[in-house]
Each structure stands twice: as structure tokens, then as C-alpha cells.
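coords.txt follows; it contains compact mmCIF, C-alpha atoms.
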# COMPACT_ATOMS: atom_id res chain seq x y z
CA MET A 1 37.13 63.49 54.12
CA ASP A 2 35.54 64.50 57.41
CA VAL A 3 35.28 61.33 59.53
CA SER A 4 31.82 62.36 60.73
CA GLN A 5 30.56 62.56 57.14
CA GLU A 6 29.06 59.44 55.58
CA PRO A 7 31.04 58.11 52.54
CA ARG A 8 29.45 58.74 49.15
CA TRP A 9 28.82 55.07 48.34
CA LEU A 10 28.35 54.02 44.73
CA ASP A 11 24.80 53.27 43.70
CA ALA A 12 24.04 50.08 41.75
CA GLU A 13 24.57 51.66 38.31
CA GLU A 14 27.82 53.35 39.38
CA GLY A 15 29.05 50.12 40.96
CA ALA A 16 28.39 48.14 37.81
CA ALA A 17 30.11 50.81 35.68
CA TRP A 18 33.11 50.90 38.05
CA LEU A 19 33.51 47.10 37.99
CA ALA A 20 33.34 47.10 34.18
CA LEU A 21 35.95 49.87 33.95
CA ALA A 22 38.23 48.28 36.55
CA GLY A 23 38.10 44.97 34.71
CA THR A 24 38.94 46.71 31.43
CA LEU A 25 41.85 48.59 33.03
CA ILE A 26 43.30 45.29 34.20
CA ARG A 27 42.60 43.05 31.21
CA LEU A 28 43.19 45.35 28.21
CA PRO A 29 46.88 46.06 28.95
CA SER A 30 47.47 42.33 29.49
CA ALA A 31 45.78 41.46 26.20
CA LEU A 32 47.83 44.05 24.29
CA ASP A 33 51.02 42.88 25.99
CA GLU A 34 50.25 39.26 25.13
CA GLN A 35 49.74 40.06 21.42
CA LEU A 36 52.97 42.05 21.17
CA ARG A 37 55.02 39.43 23.01
CA ARG A 38 53.61 36.66 20.82
CA ASP A 39 53.86 38.44 17.47
CA ALA A 40 56.79 40.83 17.91
CA GLY A 41 58.76 39.56 20.91
CA ILE A 42 58.39 42.85 22.81
CA SER A 43 56.25 44.06 25.70
CA HIS A 44 53.56 46.69 25.35
CA PHE A 45 55.71 49.14 27.32
CA GLU A 46 58.70 48.47 25.05
CA TYR A 47 56.45 49.08 22.05
CA GLN A 48 55.24 52.37 23.55
CA VAL A 49 58.84 53.54 24.04
CA LEU A 50 59.77 52.69 20.45
CA ALA A 51 56.54 54.21 19.10
CA LYS A 52 56.93 57.48 21.02
CA LEU A 53 60.50 57.87 19.74
CA SER A 54 59.37 57.07 16.19
CA GLN A 55 56.75 59.83 16.33
CA VAL A 56 59.18 62.72 16.85
CA SER A 57 61.00 64.18 13.86
CA ASP A 58 64.55 63.48 15.03
CA ARG A 59 63.56 60.23 16.81
CA THR A 60 65.11 61.64 20.00
CA LEU A 61 63.63 62.52 23.39
CA ARG A 62 65.02 63.25 26.82
CA MET A 63 64.52 60.26 29.06
CA SER A 64 62.49 62.39 31.50
CA VAL A 65 60.13 63.47 28.71
CA LEU A 66 59.86 59.92 27.40
CA ALA A 67 58.96 58.69 30.90
CA VAL A 68 56.06 61.15 31.06
CA GLN A 69 54.88 60.32 27.54
CA THR A 70 54.92 56.56 28.20
CA GLU A 71 53.28 56.96 31.63
CA GLY A 72 56.25 55.17 33.21
CA SER A 73 58.61 55.99 36.03
CA LEU A 74 62.15 57.03 35.15
CA PRO A 75 63.67 53.92 36.83
CA ARG A 76 61.31 51.61 34.89
CA LEU A 77 62.03 53.45 31.66
CA SER A 78 65.79 53.25 32.28
CA GLN A 79 65.57 49.46 32.68
CA VAL A 80 63.50 49.08 29.53
CA VAL A 81 65.71 51.39 27.47
CA ALA A 82 68.76 49.42 28.65
CA ARG A 83 67.15 46.25 27.22
CA LEU A 84 66.24 48.04 23.98
CA GLU A 85 69.78 49.38 23.79
CA GLN A 86 71.19 45.84 24.12
CA ARG A 87 69.05 44.84 21.14
CA GLY A 88 70.35 47.79 19.11
CA TRP A 89 66.95 49.50 18.88
CA VAL A 90 67.72 52.55 21.04
CA ARG A 91 70.88 54.32 22.06
CA ARG A 92 71.45 56.74 24.92
CA THR A 93 73.72 59.74 24.98
CA PRO A 94 74.15 62.80 27.20
CA ASP A 95 72.11 65.79 26.04
CA PRO A 96 74.64 68.11 24.35
CA THR A 97 72.62 71.18 25.39
CA ASP A 98 72.50 70.14 29.07
CA GLY A 99 74.63 67.24 30.27
CA ARG A 100 72.37 66.67 33.27
CA TYR A 101 69.92 64.99 30.92
CA THR A 102 70.14 61.81 28.88
CA LEU A 103 68.69 61.47 25.39
CA ALA A 104 67.07 58.31 24.08
CA ILE A 105 67.52 57.95 20.32
CA LEU A 106 65.67 55.45 18.13
CA THR A 107 68.10 53.63 15.83
CA ASP A 108 67.28 52.52 12.29
CA GLU A 109 66.91 48.97 13.62
CA GLY A 110 64.50 50.23 16.31
CA GLY A 111 62.51 52.09 13.67
CA ALA A 112 62.27 48.90 11.66
CA LYS A 113 61.15 46.95 14.75
CA VAL A 114 58.33 49.35 15.61
CA ALA A 115 57.26 49.45 11.94
CA GLU A 116 57.17 45.63 11.95
CA ALA A 117 55.16 45.47 15.20
CA ALA A 118 52.71 48.31 14.46
CA PRO A 119 50.29 46.57 12.06
CA GLY A 120 49.58 43.68 14.45
CA HIS A 121 49.30 46.02 17.42
CA VAL A 122 46.89 48.36 15.63
CA GLU A 123 44.80 45.40 14.50
CA GLU A 124 44.58 44.14 18.09
CA VAL A 125 43.62 47.61 19.38
CA ARG A 126 40.97 47.81 16.67
CA ARG A 127 39.66 44.30 17.45
CA LEU A 128 39.52 44.79 21.21
CA VAL A 129 38.53 48.45 21.52
CA PHE A 130 37.00 49.93 18.38
CA ASP A 131 35.31 47.06 16.52
CA PRO A 132 32.85 46.45 19.40
CA LEU A 133 31.87 50.16 19.44
CA THR A 134 29.79 52.36 17.18
CA LYS A 135 31.23 55.67 15.96
CA ALA A 136 29.08 57.46 18.55
CA GLN A 137 30.38 55.18 21.32
CA THR A 138 33.96 55.85 20.17
CA ARG A 139 33.35 59.59 20.55
CA GLN A 140 31.79 58.95 23.97
CA LEU A 141 34.79 56.83 24.99
CA ARG A 142 37.12 59.67 24.04
CA GLU A 143 35.11 62.23 26.02
CA ILE A 144 34.73 59.94 29.05
CA SER A 145 38.47 59.18 29.00
CA ARG A 146 39.29 62.89 28.79
CA ARG A 147 37.07 63.69 31.74
CA ILE A 148 38.57 60.94 33.89
CA MET A 149 42.12 61.94 32.92
CA HIS A 150 41.30 65.58 33.72
CA ALA A 151 40.06 64.51 37.19
CA ILE A 152 43.36 62.64 37.68
CA ASP A 153 45.55 65.44 36.31
CA PRO A 154 43.82 68.80 35.73
CA ASP A 155 47.04 70.26 34.29
CA GLU A 156 47.40 67.63 31.54
CA ARG A 157 47.37 69.46 28.21
CA SER A 158 47.74 66.61 25.70
CA LEU A 159 44.11 65.62 26.30
CA ASP A 160 42.80 68.87 24.86
CA ASP A 161 43.94 67.93 21.34
Rewrite the coordinates I just gave you, this time as C-alpha cells.
Amino acid sequence: MDVSQEPRWLDAEEGAAWLALAGTLIRLPSALDEQLRRDAGISHFEYQVLAKLSQVSDRTLRMSVLAVQTEGSLPRLSQVVARLEQRGWVRRTPDPTDGRYTLAILTDEGGAKVAEAAPGHVEEVRRLVFDPLTKAQTRQLREISRRIMHAIDPDERSLDD
């Protein structure tokens, strides 16, 4: 920004919308994490790792791909996967096609854990996010989220689905 140019301050409506969004961005992840810790003994991030692995046909992803899909850094993901590995829910192995990469593989026990945790998690997402909204508001939420994500990362393709 040119220092001689006046900042584009938020007007009252934009300020109120920003504060509501910022509060949601802080409180929603905490609420989802709390439910999963209480009911399934795992964090929301651990659940996301297990869920992403469960959604691919061979239950296997490169750690670098899994980090992108879970919106986590590779060091954070490595720490979490190490914990999941200790519990027998995930195992790691070098990628046989390129040894520079490591694969994360969901075990049968990990598949059972995510299947056990999913109903409570989905119910909490429904209760906190979708039950308060109409169908039209849900569509608006999707479009608004896509637009914000596109502003953050114009190259993101998964949002076009």
C-alpha cells in the first residue's frame, strides 16, 4: 500500500460482519475439537487426518499431500501422525515409487476409529453450522466461503467442485 494513500477502513456493516466472522473462525474449531476430545479422545486435527486417509481408495497418501489436504504444516502433521502411529491407527512407510517421500497409511484400527468418531462429529457440525441456517443460507455460506478462499489462494482447485 502506498503510504500516502488513506487505508480503506471498514464501514460499520463490514466491521460487524468481520467481527462475526473472526469470532466464528476462533470459536468453531475449538467447539469441534472439544466434542471430538470428549466423545472420541482425539483432536479435530487428528480426526481430519484419519478422515482424509479414509476417503481415498487405498487409504494411503503422501505426507506432503496429506499436509495440504488437512491445511497443516508438514512438521505439525508429522507430530500428529507419530501419535496416531503409536496408537496403531496409521503407519508410515517410504513411498516405493520415490523414496524421497513418506506415505501415511490408515490401518484397519484407524478406519474403525474414524468410523466410530464420525457420527458424533457430523452431528456437532450439523448442530453448530447447518441447523441454524436455511437451505438458502447454506448455499450462500458455500459461495461466500469459496470467494474468500479464492481471494486467499486463487490457484486452489478443490473449491470449484
### Summary
Restricting to all atoms listed in the file, whichever of A:Asp33, A:Glu46, A:Asp95, A:Asp58 is closest to Asp108 (chain A) is A:Asp58
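Checking A:Val129, A:Val114, A:Leu10, A:Ile26 one by one against Arg142 (chain A), counting only C-alpha atoms, you find the shortest gap at A:Val129.
Relative to CA of Asp39 (chain A), CA of Ala117 (chain A) is found at 7.5 Å.
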### Query
For the point (61.6, 45.4, 26.1) in file coordinates, what residues are within 6 Å, counting all atoms listed in the file? Give the answer as an MDAnalysis selection string?
chainID A and resid 42:43 46 80 83:84
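For the pair CA of Arg127 (chain A) and CA of Met149 (chain A), the separation is 23.6 Å.
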